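To be precise, the following lines are run-v7.cif, and they hold mmCIF, C-alpha atoms and all ligand atoms.
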```cif
data_start
loop_
_atom_site.label_atom_id
_atom_site.label_comp_id
_atom_site.auth_asym_id
_atom_site.auth_seq_id
_atom_site.Cartn_x
_atom_site.Cartn_y
_atom_site.Cartn_z
CA MET A 20 13.30 -27.64 7.44
CA ASN A 21 16.39 -25.94 6.13
CA THR A 22 17.42 -22.71 7.74
CA ILE A 23 17.45 -20.16 4.96
CA GLY A 24 20.40 -17.83 5.42
CA PRO A 25 21.92 -15.36 2.96
CA GLU A 26 24.47 -18.01 1.90
CA THR A 27 21.73 -20.40 0.69
CA LYS A 28 19.42 -17.76 -0.76
CA THR A 29 19.34 -17.38 -4.53
CA THR A 30 16.19 -15.28 -4.73
CA GLU A 31 13.16 -14.37 -2.70
CA ARG A 32 10.51 -17.05 -2.55
CA ILE A 33 7.35 -15.35 -1.49
CA LEU A 34 4.22 -16.63 0.22
CA ILE A 35 1.13 -14.41 0.29
CA THR A 36 -1.65 -15.35 2.70
CA GLY A 37 -5.16 -14.10 1.97
CA GLY A 38 -3.99 -13.83 -1.63
CA GLY A 39 -7.51 -13.90 -3.05
CA GLY A 40 -8.58 -10.82 -1.09
CA GLN A 41 -8.63 -7.14 -2.02
CA ILE A 42 -4.91 -6.44 -1.39
CA GLY A 43 -3.65 -9.91 -2.35
CA THR A 44 -5.19 -9.82 -5.82
CA ASP A 45 -3.18 -6.71 -6.76
CA LEU A 46 -0.10 -7.50 -4.69
CA SER A 47 0.40 -10.98 -6.15
CA GLU A 48 0.55 -9.49 -9.68
CA ALA A 49 2.99 -6.77 -8.61
CA LEU A 50 5.25 -9.26 -6.82
CA ALA A 51 5.16 -11.61 -9.83
CA LYS A 52 6.37 -8.74 -12.03
CA LYS A 53 9.16 -7.90 -9.61
CA TYR A 54 10.39 -11.36 -8.58
CA GLY A 55 9.08 -13.65 -11.34
CA ALA A 56 5.76 -15.51 -11.15
CA ASP A 57 7.46 -18.82 -10.39
CA ASN A 58 8.71 -17.42 -7.06
CA ILE A 59 5.25 -16.36 -5.92
CA PHE A 60 3.10 -18.71 -3.83
CA CYS A 61 -0.30 -17.13 -3.41
CA SER A 62 -2.50 -18.83 -0.82
CA ASP A 63 -6.11 -18.48 0.18
CA VAL A 64 -8.67 -20.65 1.92
CA LYS A 65 -10.80 -20.51 -1.25
CA PHE A 66 -8.04 -21.45 -3.72
CA GLU A 67 -7.45 -24.83 -5.34
CA ASN A 68 -3.85 -25.97 -5.73
CA THR A 69 -3.16 -24.77 -9.24
CA ILE A 70 -1.03 -22.41 -11.35
CA ARG A 71 -2.51 -19.09 -12.56
CA ASP A 72 -0.47 -16.88 -14.90
CA GLY A 73 2.64 -18.68 -13.69
CA ILE A 74 1.86 -17.96 -10.00
CA HIS A 75 1.46 -20.97 -7.69
CA GLU A 76 -1.97 -20.84 -6.08
CA LEU A 77 -2.25 -22.83 -2.88
CA GLN A 78 -5.15 -23.81 -0.67
CA LEU A 79 -4.39 -22.66 2.90
CA ASN A 80 -6.43 -22.02 6.01
CA VAL A 81 -3.89 -20.07 8.08
CA LEU A 82 -5.35 -21.50 11.31
CA ASP A 83 -4.16 -24.93 10.17
CA GLU A 84 -0.59 -24.62 11.44
CA SER A 85 0.65 -27.98 10.18
CA ASN A 86 -0.38 -27.19 6.59
CA PHE A 87 1.00 -23.65 6.99
CA GLU A 88 4.34 -25.10 8.15
CA ARG A 89 4.40 -27.65 5.33
CA ILE A 90 3.82 -24.92 2.72
CA LEU A 91 6.66 -22.79 4.15
CA GLU A 92 9.02 -25.77 4.14
CA ASP A 93 8.09 -27.43 0.85
CA ASN A 94 8.40 -24.19 -1.08
CA LYS A 95 11.49 -22.86 0.75
CA ILE A 96 9.68 -19.61 1.48
CA THR A 97 11.92 -16.68 2.47
CA THR A 98 9.37 -13.85 2.72
CA VAL A 99 5.73 -13.84 3.78
CA TYR A 100 3.17 -11.14 3.01
CA HIS A 101 0.65 -12.11 5.64
CA LEU A 102 -2.56 -10.40 4.55
CA VAL A 103 -5.27 -12.58 6.11
CA SER A 104 -7.50 -10.52 8.38
CA LEU A 105 -11.09 -10.12 9.44
CA LEU A 106 -11.90 -6.42 8.84
CA SER A 107 -13.59 -3.97 11.19
CA GLY A 108 -17.26 -4.68 10.51
CA THR A 109 -16.94 -8.47 10.61
CA SER A 110 -14.58 -8.41 13.60
CA GLU A 111 -17.16 -6.51 15.67
CA LYS A 112 -19.71 -9.24 14.89
CA LYS A 113 -17.31 -12.19 15.35
CA PRO A 114 -14.83 -11.10 18.04
CA LEU A 115 -13.52 -14.59 18.87
CA LEU A 116 -12.78 -15.41 15.26
CA ALA A 117 -11.21 -11.94 14.86
CA LYS A 118 -8.88 -12.55 17.80
CA ASN A 119 -7.85 -15.98 16.48
CA LEU A 120 -7.53 -15.09 12.81
CA ASN A 121 -5.95 -11.66 13.21
CA LEU A 122 -3.35 -12.70 15.80
CA ASN A 123 -2.54 -16.43 15.94
CA PRO A 124 -1.11 -16.82 12.39
CA LEU A 125 0.93 -13.61 12.85
CA LEU A 126 2.43 -15.01 16.05
CA PHE A 127 3.07 -18.32 14.29
CA LEU A 128 5.03 -16.49 11.56
CA LEU A 129 6.95 -14.33 14.02
CA GLU A 130 8.04 -17.52 15.79
CA LYS A 131 9.15 -19.00 12.43
CA ALA A 132 11.18 -15.86 11.74
CA LYS A 133 12.66 -15.95 15.24
CA ALA A 134 13.77 -19.53 14.53
CA LYS A 135 15.29 -18.27 11.22
CA LYS A 136 12.95 -20.42 9.11
CA ILE A 137 11.83 -17.35 7.17
CA GLU A 138 13.66 -14.06 6.64
CA ARG A 139 11.11 -11.29 6.37
CA ILE A 140 7.44 -10.63 7.05
CA PHE A 141 5.04 -7.95 5.83
CA TRP A 142 1.92 -7.47 7.93
CA PRO A 143 -0.81 -4.90 7.32
CA SER A 144 -2.05 -2.88 10.26
CA SER A 145 -4.78 -0.26 9.97
CA ILE A 146 -5.90 3.24 10.88
CA ALA A 147 -8.23 1.33 13.23
CA VAL A 148 -5.47 1.37 15.88
CA PHE A 149 -6.47 4.99 16.56
CA GLY A 150 -9.41 5.73 18.82
CA LYS A 151 -10.08 7.65 22.03
CA GLY A 152 -8.00 10.72 22.71
CA ILE A 153 -6.73 11.44 19.20
CA PRO A 154 -7.02 14.75 17.37
CA LYS A 155 -9.33 14.25 14.37
CA HIS A 156 -6.90 15.74 11.84
CA ASN A 157 -3.33 14.96 10.84
CA VAL A 158 -2.81 12.31 13.51
CA SER A 159 0.89 11.74 14.08
CA GLN A 160 2.87 8.50 14.08
CA ASP A 161 3.30 8.62 17.86
CA SER A 162 -0.24 9.52 18.80
CA VAL A 163 -1.88 7.66 21.72
CA LEU A 164 -3.45 4.36 20.68
CA HIS A 165 -6.78 3.51 22.33
CA PRO A 166 -8.71 1.67 19.60
CA GLU A 167 -12.48 1.50 19.96
CA SER A 168 -13.21 -1.61 17.88
CA VAL A 169 -12.36 -5.30 18.23
CA TYR A 170 -10.52 -5.06 14.90
CA GLY A 171 -8.47 -2.06 16.05
CA ILE A 172 -7.57 -3.86 19.28
CA THR A 173 -6.30 -6.90 17.34
CA LYS A 174 -4.30 -4.63 15.02
CA LEU A 175 -2.73 -2.79 17.96
CA ALA A 176 -1.82 -6.11 19.61
CA GLY A 177 -0.32 -7.24 16.28
CA GLU A 178 1.78 -4.07 16.04
CA GLU A 179 3.09 -4.64 19.55
CA LEU A 180 3.98 -8.24 18.68
CA CYS A 181 5.86 -7.05 15.57
CA ARG A 182 7.77 -4.46 17.57
CA HIS A 183 8.61 -6.98 20.30
CA TYR A 184 9.86 -9.67 17.91
CA HIS A 185 11.99 -7.10 16.11
CA ASP A 186 13.46 -5.56 19.28
CA ALA A 187 13.95 -8.78 21.25
CA TYR A 188 14.76 -11.28 18.47
CA SER A 189 15.86 -9.13 15.47
CA VAL A 190 12.94 -10.36 13.37
CA ASP A 191 12.66 -8.34 10.17
CA VAL A 192 8.94 -7.60 10.21
CA ARG A 193 7.60 -4.51 8.47
CA SER A 194 4.14 -3.03 8.59
CA LEU A 195 1.87 -0.26 7.28
CA ARG A 196 -1.25 1.23 8.84
CA PHE A 197 -3.48 1.07 5.77
CA PRO A 198 -6.31 3.57 5.41
CA GLY A 199 -9.40 2.47 3.45
CA LEU A 200 -8.22 0.92 0.18
CA ILE A 201 -9.98 1.52 -3.12
CA SER A 202 -9.51 -0.91 -6.01
CA TRP A 203 -11.34 -2.47 -8.93
CA LYS A 204 -9.79 -5.95 -9.33
CA ALA A 205 -11.32 -7.52 -6.21
CA PRO A 206 -14.12 -6.41 -3.90
CA ALA A 207 -13.52 -5.17 -0.37
CA GLY A 208 -15.26 -7.25 2.30
CA GLY A 209 -16.37 -6.61 5.87
CA GLY A 210 -14.76 -3.20 6.42
CA THR A 211 -16.00 0.25 7.42
CA THR A 212 -14.36 1.93 4.43
CA ASP A 213 -15.94 -0.55 1.95
CA TYR A 214 -18.50 2.06 0.92
CA ALA A 215 -15.80 3.80 -1.12
CA VAL A 216 -15.49 0.69 -3.32
CA GLU A 217 -19.17 -0.34 -3.37
CA ILE A 218 -20.24 3.13 -4.49
CA PHE A 219 -18.55 2.65 -7.88
CA HIS A 220 -20.23 -0.68 -8.60
CA HIS A 221 -23.63 0.83 -7.78
CA ALA A 222 -22.96 4.01 -9.76
CA ILE A 223 -22.16 1.96 -12.84
CA LYS A 224 -25.00 -0.54 -12.37
CA ASN A 225 -27.95 1.74 -11.58
CA GLN A 226 -26.63 5.20 -10.63
CA LEU A 227 -27.94 4.80 -7.07
CA TYR A 228 -26.15 4.05 -3.80
CA LYS A 229 -27.32 3.81 -0.17
CA CYS A 230 -24.32 4.66 1.99
CA PHE A 231 -23.94 3.12 5.47
CA LEU A 232 -22.02 6.20 6.76
CA THR A 233 -23.26 9.80 7.03
CA GLU A 234 -22.47 12.25 4.26
CA TYR A 235 -19.94 14.16 6.39
CA THR A 236 -17.84 11.21 7.63
CA ALA A 237 -14.33 12.06 6.44
CA LEU A 238 -11.89 9.12 6.44
CA PRO A 239 -8.37 8.56 5.08
CA MET A 240 -8.38 6.43 1.92
CA MET A 241 -5.79 5.28 -0.61
CA TYR A 242 -5.86 3.96 -4.17
CA MET A 243 -4.57 0.39 -4.38
CA ASP A 244 -1.77 1.35 -6.80
CA ASP A 245 -0.35 3.71 -4.16
CA ALA A 246 -0.78 1.07 -1.43
CA ILE A 247 1.11 -1.54 -3.51
CA GLU A 248 3.90 0.95 -4.31
CA ALA A 249 4.20 1.75 -0.60
CA THR A 250 4.33 -1.94 0.32
CA LEU A 251 7.06 -2.70 -2.23
CA ALA A 252 9.06 0.39 -1.19
CA LEU A 253 8.90 -0.52 2.49
CA MET A 254 9.83 -4.15 1.83
CA SER A 255 12.87 -3.24 -0.26
CA ALA A 256 14.09 -0.48 2.07
CA ASP A 257 17.42 -0.80 3.87
CA PRO A 258 16.61 -2.32 7.30
CA ASN A 259 18.63 0.42 8.97
CA ALA A 260 16.38 3.07 7.42
CA ILE A 261 13.30 1.64 9.12
CA SER A 262 12.76 3.57 12.33
CA VAL A 263 9.21 2.35 12.98
CA ARG A 264 8.94 -1.34 13.82
CA GLY A 265 5.36 -1.24 15.00
CA SER A 266 3.61 0.07 11.89
CA TYR A 267 3.98 3.17 9.70
CA ASN A 268 1.18 5.73 9.31
CA LEU A 269 -0.11 6.03 5.73
CA GLY A 270 -2.17 9.15 5.08
CA GLY A 271 -3.54 8.75 1.57
CA VAL A 272 -6.33 11.18 0.74
CA SER A 273 -9.20 12.18 3.00
CA PHE A 274 -12.76 12.66 1.80
CA THR A 275 -16.39 12.24 2.83
CA PRO A 276 -19.09 10.14 1.13
CA LYS A 277 -20.59 13.39 -0.16
CA GLU A 278 -17.29 14.45 -1.72
CA ILE A 279 -16.72 11.15 -3.54
CA ALA A 280 -20.37 11.16 -4.69
CA ASN A 281 -19.90 14.66 -6.14
CA GLU A 282 -16.81 13.48 -8.00
CA ILE A 283 -18.71 10.46 -9.37
CA LYS A 284 -21.52 12.81 -10.53
CA LYS A 285 -19.04 14.42 -12.90
CA HIS A 286 -19.08 11.08 -14.78
CA PHE A 287 -22.69 10.07 -14.07
CA PRO A 288 -24.76 13.28 -13.70
CA ASP A 289 -27.85 11.30 -12.60
CA PHE A 290 -26.03 9.45 -9.82
CA THR A 291 -27.90 9.66 -6.50
CA ILE A 292 -26.60 8.82 -3.03
CA THR A 293 -28.71 8.36 0.11
CA TYR A 294 -27.46 7.87 3.66
CA GLU A 295 -28.54 5.24 6.17
CA PRO A 296 -25.80 4.89 8.81
CA ASP A 297 -25.50 1.48 10.50
CA PHE A 298 -23.27 0.08 13.29
CA ARG A 299 -20.16 0.96 11.25
CA GLN A 300 -20.81 4.67 11.83
CA ALA A 301 -19.55 4.34 15.44
CA ILE A 302 -16.38 2.64 14.19
CA ALA A 303 -15.82 5.37 11.58
CA ASP A 304 -16.45 8.09 14.17
CA SER A 305 -13.64 6.70 16.33
CA TRP A 306 -11.10 6.91 13.47
CA PRO A 307 -9.14 10.00 12.44
CA SER A 308 -10.23 11.91 9.35
CA SER A 309 -6.67 12.56 8.23
CA ILE A 310 -3.24 11.18 9.05
CA ASP A 311 0.33 12.49 9.05
CA ASP A 312 2.76 10.08 7.37
CA THR A 313 5.97 12.12 7.53
CA PRO A 314 8.10 9.24 8.97
CA ALA A 315 7.22 6.98 6.00
CA GLN A 316 8.13 9.78 3.58
CA LYS A 317 11.45 10.42 5.31
CA ASP A 318 12.53 6.83 6.03
CA TRP A 319 11.77 5.08 2.73
CA GLY A 320 10.35 7.67 0.36
CA LEU A 321 6.57 7.18 0.52
CA LYS A 322 4.92 9.07 -2.34
CA LEU A 323 1.27 9.45 -3.24
CA LYS A 324 0.20 9.53 -6.90
CA TYR A 325 -3.59 9.37 -6.75
CA GLN A 326 -5.79 12.20 -5.48
CA LEU A 327 -9.59 11.80 -5.33
CA PRO A 328 -10.30 12.83 -8.98
CA ASP A 329 -7.58 10.42 -10.22
CA ILE A 330 -9.04 7.58 -8.16
CA VAL A 331 -12.55 8.19 -9.48
CA ASN A 332 -11.37 8.43 -13.10
CA ASP A 333 -9.34 5.25 -12.90
CA MET A 334 -12.01 3.22 -11.06
CA ILE A 335 -14.69 4.18 -13.58
CA LEU A 336 -12.38 3.57 -16.53
CA HIS A 337 -11.66 0.00 -15.40
CA LEU A 338 -15.08 -0.95 -14.05
CA LYS A 339 -16.85 0.28 -17.18
CA LYS A 340 -14.78 -1.97 -19.42
CA PRO A 341 -16.94 -4.84 -20.65
C1 LIG B 401 -11.76 -1.53 7.41
O1 LIG B 401 -12.57 -0.66 7.05
O2 LIG B 401 -11.98 -2.33 8.31
C2 LIG B 401 -10.43 -1.58 6.71
C3 LIG B 401 -9.39 -0.79 7.42
C4 LIG B 401 -9.44 0.69 7.39
O3 LIG B 401 -8.51 -1.34 8.00
N1 LIG B 401 -10.56 -1.14 5.37
#
```
Mind turning the file's structure into structure tokens?
Amino acid sequence: MNTIGPETKTTERILITGGGGQIGTDLSEALAKKYGADNIFCSDVKFENTIRDGIHELQLNVLDESNFERILEDNKITTVYHLVSLLSGTSEKKPLLAKNLNLNPLLFLLEKAKAKKIERIFWPSSIAVFGKGIPKHNVSQDSVLHPESVYGITKLAGEELCRHYHDAYSVDVRSLRFPGLISWKAPAGGGTTDYAVEIFHHAIKNQLYKCFLTEYTALPMMYMDDAIEATLALMSADPNAISVRGSYNLGGVSFTPKEIANEIKKHFPDFTITYEPDFRQAIADSWPSSIDDTPAQKDWGLKLKYQLPDIVNDMILHLKKP
């Protein structure tokens, strides 16, 4: 494989892993707009090798390192947005798969970047890195990290790997601790914050939703448009401006199931929510209800556009379209 240095680089050639998932569906479109669809290679285990709206779709199981390597080489990839992850609910049920899937491909990519085969990596961490010993509100960037879920433990290990490869080998890896993400283009899957996406589909279908968290469980959430903006801003920031090489806190907006249900009722007055907490309640209880993201605001200008009423309006507007 050619070493891609600044002298050989004409433009970014971007690989997205997990491109068919909730973040990847929106991010691939945003990256295509910014860098040109022909420079975007969007991979997923469920994809066929094809072209969609000018974007190259590739079939990739990220645990298959030889295919992963071939895709990096053949397409002269410079930047990888490595999104593949088992989320909190599924990780708790399948801990071995979570350990393998959430960490091995990240380490594989960090090694490729160390060997100068790729230039830059984006990797999503999560608010799941927080756990025992945190204050519930406004948790700071440097708070203690004692995650209480298998998922959170893999994310914390991933953050430490990112920091180590940056500090020891100058690898340009950048990361965000995503709160629950709300979007309409693709469903969420296997997470504890998924209720905040599911609730819209149920409200529109039959005005009834059974929530798997209690009505008073406040969690930090973010609209996908804000999450994509934050990702693009971080990835185009001057490397010297980035003071956090583990992963940046992202606060978003905090609300409870009851609060989002009340907002939805403004659009669907007959909407009814019931509560039947399951095993995900314990995971949610270990997470903060709000997060301080001052370092991201100061270092690379994080800005939030969508508050809860904006999120609800936009979700309903798009999901109601025939
Ligand atoms: C999950 O609920 O597992 C994810 C997350 C907060 O990382 N959405």
Practice problem: List all protein, DNA and RNA residues that have any atom at most 9 Å from ligand LIG 401 (chain B), counting all atoms listed in the file, and write the list as number ranges by chain. | Solution: A: 105-110, 143-148, 170-171, 174, 196-201, 207-214, 238-240, 299, 302-303, 306
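Here CA of Asn123 (chain A) is placed at a distance of 8.8 Å from CA of Val81 (chain A).
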Exercise for review: Write out as a list of chain:residue names the residues lying within 8 Å of region 189-194 of chain A, counting all atoms listed in the file and excluding same-chain residues fewer than 4 positions away.
Suggested key: A:Leu129, A:Ala132, A:Lys133, A:Glu138, A:Arg139, A:Ile140, A:Phe141, A:Trp142, A:Pro143, A:Ser144, A:Glu178, A:Cys181, A:Tyr184, A:His185, A:Leu253, A:Met254, A:Pro258, A:Arg264, A:Gly265, A:Ser266, A:Tyr267
Min atom-atom distance to Gln41 (chain A) from the set A:Trp319, A:Tyr242, A:Tyr188, A:Tyr294, counting only C-alpha atoms, belongs to A:Tyr242
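CA of Phe298 (chain A) is found 20.0 Å from CA of Phe274 (chain A).
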Nearest residue to Ile33 (chain A) out of A:Gln226, A:Thr98, A:Asn121, A:Ser85, using only C-alpha atoms?
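Checking each of A:Gln226, A:Thr98, A:Asn121, A:Ser85 against Ile33 (chain A), counting only C-alpha atoms, the winner is A:Thr98.
Residue nearest Pro314 (chain A), chosen from A:Ala205, A:Leu338, A:Leu195, A:Ile247 and counting all atoms listed in the file: A:Leu195.
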The distance between CA of Arg32 (chain A) and CA of Ile96 (chain A) is 4.8 Å
Using only C-alpha atoms, which of the listed residues (A:Lys317, A:Lys155, A:Lys53, A:Lys224) sits closest to Ala237 (chain A)?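 Residue with the minimum atom-to-atom distance to Ala237 (chain A): A:Lys155.
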Which residue out of A:Val163, A:Ala256, A:Ala215, A:Met334 has the minimum interatomic distance to Thr275 (chain A) when all atoms listed in the file are used?
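Residue with the minimum atom-to-atom distance to Thr275 (chain A): A:Ala215.
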The residue from A:Leu251, A:Leu164, A:Ile153, A:Leu227 with the smallest atom-to-atom distance to Ser309 (chain A), counting only C-alpha atoms, is A:Ile153
Protein and nucleic acid residues near (3.7, 8.0, 11.9) (cut-off 8 Å, all atoms listed in the file) as a CSV table (one decimal) with C-alpha atoms, keeping the file's coordinate frame:
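As a result, out_34.csv now contains:
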```csv
chain,number,residue,atom,x,y,z
A,158,VAL,CA,-2.8,12.3,13.5
A,159,SER,CA,0.9,11.7,14.1
A,160,GLN,CA,2.9,8.5,14.1
A,161,ASP,CA,3.3,8.6,17.9
A,263,VAL,CA,9.2,2.4,13.0
A,266,SER,CA,3.6,0.1,11.9
A,267,TYR,CA,4.0,3.2,9.7
A,268,ASN,CA,1.2,5.7,9.3
A,269,LEU,CA,-0.1,6.0,5.7
A,311,ASP,CA,0.3,12.5,9.0
A,312,ASP,CA,2.8,10.1,7.4
A,313,THR,CA,6.0,12.1,7.5
A,314,PRO,CA,8.1,9.2,9.0
A,315,ALA,CA,7.2,7.0,6.0
```
### Task
Write out as a VMD selection string the residues lying within 8 Å of region 281-291 of chain A, counting all atoms listed in the file and excluding same-chain residues fewer than 6 positions away.
chain A and resid 219 222 226 to 228 327 to 328 331
Find the residues near Glu248 (chain A): any atom within 9 Å, counting only C-alpha atoms, skip ones fewer than 6 places away on the same chain, and give them as a short mmCIF file (atom, residue, chain, number, x, y, z; two decimals) with C-alpha atoms, in the coordinates of the input.
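That gives us selection_9.cif:
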```
data_model
loop_
_atom_site.label_atom_id
_atom_site.label_comp_id
_atom_site.auth_asym_id
_atom_site.auth_seq_id
_atom_site.Cartn_x
_atom_site.Cartn_y
_atom_site.Cartn_z
CA ALA A 49 2.99 -6.77 -8.61
CA LEU A 321 6.57 7.18 0.52
CA LYS A 322 4.92 9.07 -2.34
CA LEU A 323 1.27 9.45 -3.24
#
```
Which residues of region 83-133 of chain A sit at most 12 Å from region 59-76 of chain A, using all atoms listed in the file? Give each one's shortest atom pair and distance in Å (one decimal place), in chain and ascending residue order, as JSON lines.
```
{"residue": "A:Asp83", "atom": "CA", "partner": "A:Val64", "partner_atom": "CA", "distance": 10.3}
{"residue": "A:Asn86", "atom": "CA", "partner": "A:Ser62", "partner_atom": "CA", "distance": 11.4}
{"residue": "A:Phe87", "atom": "CA", "partner": "A:Ser62", "partner_atom": "CA", "distance": 9.8}
{"residue": "A:Ile90", "atom": "CA", "partner": "A:Phe60", "partner_atom": "CA", "distance": 9.1}
{"residue": "A:Leu91", "atom": "CA", "partner": "A:Phe60", "partner_atom": "CA", "distance": 9.6}
{"residue": "A:Asp93", "atom": "CA", "partner": "A:Phe60", "partner_atom": "CA", "distance": 11.1}
{"residue": "A:Asn94", "atom": "CA", "partner": "A:Phe60", "partner_atom": "CA", "distance": 8.1}
{"residue": "A:Lys95", "atom": "CA", "partner": "A:Phe60", "partner_atom": "CA", "distance": 10.4}
{"residue": "A:Ile96", "atom": "CA", "partner": "A:Phe60", "partner_atom": "CA", "distance": 8.5}
{"residue": "A:Thr97", "atom": "CA", "partner": "A:Ile59", "partner_atom": "CA", "distance": 10.7}
{"residue": "A:Thr98", "atom": "CA", "partner": "A:Ile59", "partner_atom": "CA", "distance": 9.9}
{"residue": "A:Val99", "atom": "CA", "partner": "A:Phe60", "partner_atom": "CA", "distance": 9.4}
{"residue": "A:Tyr100", "atom": "CA", "partner": "A:Cys61", "partner_atom": "CA", "distance": 9.4}
{"residue": "A:His101", "atom": "CA", "partner": "A:Ser62", "partner_atom": "CA", "distance": 9.8}
{"residue": "A:Leu102", "atom": "CA", "partner": "A:Asp63", "partner_atom": "CA", "distance": 9.8}
{"residue": "A:Val103", "atom": "CA", "partner": "A:Asp63", "partner_atom": "CA", "distance": 8.4}
{"residue": "A:Ser104", "atom": "CA", "partner": "A:Asp63", "partner_atom": "CA", "distance": 11.5}
```
* Asked: So which residues are close to (-8.5, 3.5, 25.5), meaning at most 9 Å away in the file's coordinates with all atoms listed in the file counted, and can you show them as a count of residues only?
  -> 8
Quick one: residues within 9 Å of Glu234 (chain A), only C-alpha atoms, excluding same-chain residues fewer than 2 positions away - as number ranges by chain?
A: 230, 232, 236-237, 275-278, 293-294
